[in-house]
Structures are given as C-alpha cells and as structure tokens.
>>> print(open('data.tsv').read())   # TSV, C-alpha atoms
chain	number	residue	atom	x	y	z
A	169	MET	CA	0.00	0.00	0.00
A	170	ALA	CA	1.25	3.50	-0.80
A	171	SER	CA	2.44	5.80	1.94
A	172	LEU	CA	0.02	8.28	3.45
A	173	ASN	CA	1.82	11.12	1.67
A	174	LYS	CA	1.42	9.41	-1.72
A	175	GLN	CA	-2.24	8.65	-1.00
A	176	GLN	CA	-2.84	12.30	-0.15
A	177	LYS	CA	-1.09	13.43	-3.35
A	178	ARG	CA	-3.15	10.99	-5.41
A	179	ALA	CA	-6.35	12.13	-3.76
A	180	LYS	CA	-5.43	15.75	-4.48
A	181	ARG	CA	-4.65	14.91	-8.13
A	182	ALA	CA	-7.91	13.00	-8.44
A	183	LYS	CA	-9.83	15.97	-7.08
A	184	ILE	CA	-8.09	18.33	-9.51
A	185	LYS	CA	-8.65	15.94	-12.42
A	186	ALA	CA	-12.31	15.59	-11.48
A	187	LYS	CA	-12.67	19.36	-11.55
A	188	GLN	CA	-10.92	19.47	-14.91
A	189	ILE	CA	-13.45	17.13	-16.42
A	190	ASN	CA	-16.28	18.55	-14.34
A	191	ILE	CA	-17.35	15.39	-12.62
A	192	HIS	CA	-16.72	16.54	-9.06
A	193	GLY	CA	-20.08	17.18	-7.45
A	194	ARG	CA	-22.01	15.73	-10.39
A	195	LYS	CA	-25.14	13.75	-9.74
A	196	PRO	CA	-25.15	10.27	-11.27
A	197	ALA	CA	-26.40	9.98	-14.81
A	198	ALA	CA	-29.59	8.15	-15.54
A	199	LEU	CA	-29.07	4.52	-16.40
A	200	ASP	CA	-30.71	4.94	-19.78
A	201	ASP	CA	-28.97	6.27	-22.88
A	202	ASP	CA	-29.94	9.87	-22.12
A	203	LEU	CA	-26.43	11.09	-21.31
A	204	ASP	CA	-26.73	14.81	-21.67
A	205	ASN	CA	-23.89	17.18	-20.92
A	206	ASP	CA	-25.82	19.50	-18.61
A	207	LEU	CA	-24.18	19.93	-15.24
A	208	ASP	CA	-25.65	20.97	-11.93
A	209	GLU	CA	-22.89	23.54	-11.63
A	210	PRO	CA	-21.82	26.02	-14.30
A	211	GLY	CA	-18.80	25.00	-16.32
A	212	GLU	CA	-17.69	22.97	-19.27
A	213	PRO	CA	-19.50	19.76	-20.15
A	214	ILE	CA	-17.87	16.41	-19.51
A	215	PRO	CA	-15.75	15.61	-22.55
A	216	GLU	CA	-17.49	13.26	-24.96
A	217	TYR	CA	-14.59	10.81	-24.85
A	218	THR	CA	-15.00	10.53	-21.07
A	219	LEU	CA	-18.75	10.05	-21.30
A	220	ALA	CA	-18.30	7.44	-24.02
A	221	MET	CA	-15.73	5.56	-21.94
A	222	PHE	CA	-17.88	5.72	-18.79
A	223	SER	CA	-20.90	4.44	-20.73
A	224	LYS	CA	-18.87	1.50	-22.09
A	225	MET	CA	-17.56	0.81	-18.61
A	226	ARG	CA	-21.06	0.82	-17.12
A	227	ASP	CA	-22.34	-1.56	-19.81
A	228	ALA	CA	-19.33	-3.84	-19.36
A	229	GLU	CA	-19.66	-3.77	-15.57
A	230	ALA	CA	-23.15	-5.23	-15.96
A	231	VAL	CA	-21.35	-8.34	-17.29
A	232	SER	CA	-18.34	-8.41	-14.95
A	233	ARG	CA	-15.82	-6.23	-13.17
A	234	ASN	CA	-13.09	-7.66	-15.41
A	235	ASP	CA	-14.99	-6.54	-18.53
A	236	MET	CA	-15.38	-3.06	-17.02
A	237	LEU	CA	-11.67	-2.83	-16.30
A	238	LEU	CA	-10.76	-4.05	-19.78
A	239	ALA	CA	-13.08	-1.41	-21.26
A	240	LEU	CA	-11.29	1.23	-19.18
A	241	LEU	CA	-7.83	0.07	-20.21
A	242	THR	CA	-8.71	-0.19	-23.90
A	243	ASP	CA	-10.41	3.21	-24.10
A	244	LEU	CA	-7.87	4.93	-21.88
A	245	ALA	CA	-5.04	3.91	-24.21
A	246	GLY	CA	-6.78	5.72	-27.06
A	247	ILE	CA	-7.60	8.73	-24.89
A	248	ILE	CA	-3.96	9.05	-23.83
A	249	THR	CA	-2.89	8.88	-27.47
A	250	ASP	CA	-5.35	11.66	-28.38
A	251	HIS	CA	-4.83	13.72	-25.18
A	252	PRO	CA	-1.29	13.12	-23.85
A	253	ASP	CA	-1.64	16.23	-21.69
A	254	LEU	CA	-3.86	14.18	-19.33
A	255	LEU	CA	-0.77	12.33	-18.11
A	256	ASP	CA	0.68	13.95	-14.98
A	257	MET	CA	4.36	13.44	-15.65
A	258	GLU	CA	5.37	15.78	-12.80
A	259	ASN	CA	4.14	13.32	-10.17
A	260	ALA	CA	5.24	10.09	-11.83
A	261	ASP	CA	8.58	8.44	-12.47
A	262	ASN	CA	7.63	7.36	-15.98
A	263	GLU	CA	4.79	7.26	-18.49
A	264	ALA	CA	3.52	3.87	-17.27
A	265	MET	CA	3.19	5.20	-13.73
A	266	ALA	CA	1.46	8.35	-14.98
A	267	ALA	CA	-0.97	6.17	-16.97
A	268	THR	CA	-1.64	4.07	-13.86
A	269	HIS	CA	-2.38	7.22	-11.87
A	270	LEU	CA	-4.70	8.44	-14.62
A	271	ALA	CA	-6.48	5.07	-14.65
A	272	ALA	CA	-6.97	5.30	-10.88
A	273	ASP	CA	-8.28	8.85	-11.20
A	274	MET	CA	-10.66	7.79	-13.97
A	275	LEU	CA	-11.90	4.85	-11.91
A	276	ILE	CA	-12.67	7.17	-9.01
A	277	ASP	CA	-14.39	9.60	-11.37
A	278	TYR	CA	-16.32	6.72	-12.96
A	279	ARG	CA	-17.61	5.47	-9.63
A	280	MET	CA	-18.63	9.02	-8.66
A	281	TRP	CA	-20.41	9.41	-12.02
A	282	ALA	CA	-22.04	5.97	-12.14
A	283	ASP	CA	-23.13	5.65	-8.53
A	284	GLY	CA	-23.04	9.18	-7.14
A	285	MET	CA	-20.40	8.20	-4.59
A	286	ASP	CA	-18.42	10.90	-2.89
A	287	HIS	CA	-14.68	10.97	-3.46
A	288	ASP	CA	-13.80	9.19	-0.20
A	289	ALA	CA	-16.19	6.29	-0.88
A	290	ALA	CA	-14.87	5.96	-4.45
A	291	GLN	CA	-11.29	5.98	-3.12
A	292	ALA	CA	-12.19	3.25	-0.62
A	293	TRP	CA	-13.70	1.16	-3.45
A	294	LEU	CA	-10.51	1.59	-5.46
A	295	THR	CA	-8.25	0.52	-2.59
A	296	ASP	CA	-10.25	-2.60	-1.67
A	297	PRO	CA	-7.83	-5.57	-1.82
A	298	GLN	CA	-10.16	-7.58	-4.07
A	299	PHE	CA	-10.45	-4.66	-6.48
A	300	ILE	CA	-6.65	-4.31	-6.59
A	301	THR	CA	-6.35	-8.03	-7.39
A	302	ASP	CA	-9.04	-7.73	-10.08
A	303	PHE	CA	-7.29	-4.71	-11.60
A	304	GLY	CA	-3.99	-6.61	-11.74
A	305	THR	CA	-5.71	-9.53	-13.47
A	306	ALA	CA	-7.37	-7.22	-16.01
A	307	LEU	CA	-4.08	-5.42	-16.63
A	308	ASP	CA	-2.33	-8.75	-17.28
A	309	SER	CA	-5.10	-9.73	-19.74
A	310	TYR	CA	-4.84	-6.37	-21.47
A	311	ARG	CA	-1.06	-6.68	-21.81
A	312	GLN	CA	-1.42	-10.21	-23.20
A	313	SER	CA	-3.89	-8.95	-25.81
A	314	LEU	CA	-1.41	-6.23	-26.81
A	315	ASP	CA	1.37	-8.80	-27.10
A	316	ALA	CA	-0.86	-11.02	-29.25
A	317	GLU	CA	-1.65	-8.08	-31.55
A	318	GLU	CA	2.07	-7.30	-31.90
A	319	GLU	CA	2.80	-10.90	-32.82
A	320	LYS	CA	0.11	-10.82	-35.52
A	321	GLY	CA	1.63	-7.64	-36.92
A	322	GLU	CA	5.12	-9.11	-37.28
>>> encode(input="data.tsv", output="structure tokens")
Amino acid sequence: MASLNKQQKRAKRAKIKAKQINIHGRKPAALDDDLDNDLDEPGEPIPEYTLAMFSKMRDAEAVSRNDMLLALLTDLAGIITDHPDLLDMENADNEAMAATHLAADMLIDYRMWADGMDHDAAQAWLTDPQFITDFGTALDSYRQSLDAEEEKGE
C-alpha cells in the first residue's frame, strides 16, 4: 500500500482531475442512454470521450468487473494517445506510472459518475484488496492482448 503522503497526493490529483473534467459534485447519470452534458454547476460539459468511456464501462460492468476494467484500459489507451496532456508526468517516475495514476483517477471519477459516490467512498472502493487483485488480473489480460496483436503484426 502506498504511503500516506502518496495517497494524499493521489487524492489531491484526483480531485483536480475531477474538476478538470467537471465530474466533481455531479449527480449520477440516468441509467438509460440519455447522457446529456448538462451539469448541476456552471462550467464545461464532460468531454465526450470521457462520457463514451464511462458508458462503455457501465455496460461492461453489468457483465463483470473484469470486462469493465478491460473497457477502461482499452479506451484509456486511445484517450492518452489523443490527449497526452492528461498524463501527470510531474508526479510520476515514468509514463507507465502516470498512466496508472490516470487510470486510478478515472476509476474514481467513474464510480462518482455511475453511482453518485463521494470521493472518499470511491477511493475506498478503489483501494479494496479484491479490487486491486481484479485490476492486476485485467491489466495482465490487457497486456497479453497487446502482445498477441504485436505478434500478428510481425
């Protein structure tokens, strides 16, 4: 488990990131396909790429947590390619660590969006030992699928 200082830094980054994509304080979206961009507070709408990813994650989560995590990892790779400025390289040793931090932030934001959890409850969900194990399993599966794609391309 990360030190208290690192956890506090991550929580602060997550809060800043949530404000950047205007999810902080947002009420959960309806479970139907009516995903409008109106917010309860004035500001920019949630980026379409974030809404699209969250919708895919919600649909996949109805099947399994692993499917939800794979949807996150797959979509996040494309989002990072299109928006590399989302990676917080100042607080990470390398790009992989920055991507992991972004994934954690997005998972917290997703849980806040999907279930209306507050930040602390979403953070607790993310740090649950079973969730951490499930994330590691999904990450291994994702990496294996990338390796398989590379082998096909050779």
>>> closest_residue(input="data.tsv", among="A:Leu270, A:Leu275, A:Leu240, A:Ala230", to="Leu294 in chain A", atoms="only C-alpha atoms")
A:Leu275
>>> atom_distance(input="data.tsv", atom1="CA of Asp283 in chain A", atom2="CA of Ala264 in chain A")
28.1 Å
>>> residues_around(input="data.tsv", residues="Tyr310 in chain A", least_positions_apart="2", cutoff="12 Å", atoms="only C-alpha atoms", output="list in words")
Asn234, Asp235, Met236, Leu237, Leu238, Ala239, Leu240, Leu241, Thr242, Asp243, Leu244, Ala245, Phe303, Gly304, Thr305, Ala306, Leu307, Asp308, Gln312, Ser313, Leu314, Asp315, Ala316 and Glu317 of chain A
>>> write_last_selection(input="data.tsv", atoms="C-alpha atoms", output="CSV table (one decimal), in the coordinates of the input")
chain,number,residue,atom,x,y,z
A,234,ASN,CA,-13.1,-7.7,-15.4
A,235,ASP,CA,-15.0,-6.5,-18.5
A,236,MET,CA,-15.4,-3.1,-17.0
A,237,LEU,CA,-11.7,-2.8,-16.3
A,238,LEU,CA,-10.8,-4.0,-19.8
A,239,ALA,CA,-13.1,-1.4,-21.3
A,240,LEU,CA,-11.3,1.2,-19.2
A,241,LEU,CA,-7.8,0.1,-20.2
A,242,THR,CA,-8.7,-0.2,-23.9
A,243,ASP,CA,-10.4,3.2,-24.1
A,244,LEU,CA,-7.9,4.9,-21.9
A,245,ALA,CA,-5.0,3.9,-24.2
A,303,PHE,CA,-7.3,-4.7,-11.6
A,304,GLY,CA,-4.0,-6.6,-11.7
A,305,THR,CA,-5.7,-9.5,-13.5
A,306,ALA,CA,-7.4,-7.2,-16.0
A,307,LEU,CA,-4.1,-5.4,-16.6
A,308,ASP,CA,-2.3,-8.8,-17.3
A,312,GLN,CA,-1.4,-10.2,-23.2
A,313,SER,CA,-3.9,-9.0,-25.8
A,314,LEU,CA,-1.4,-6.2,-26.8
A,315,ASP,CA,1.4,-8.8,-27.1
A,316,ALA,CA,-0.9,-11.0,-29.2
A,317,GLU,CA,-1.6,-8.1,-31.6
>>> atom_distance(input="data.tsv", atom1="CA of Ile214 in chain A", atom2="CA of Phe299 in chain A")
25.9 Å
>>> atom_distance(input="data.tsv", atom1="CA of Leu219 in chain A", atom2="CA of Asp253 in chain A")
18.2 Å
>>> closest_residue(input="data.tsv", among="A:Met221, A:Ala266, A:Ala272, A:Pro215", to="Thr295 in chain A", atoms="all atoms listed in the file")
A:Ala272
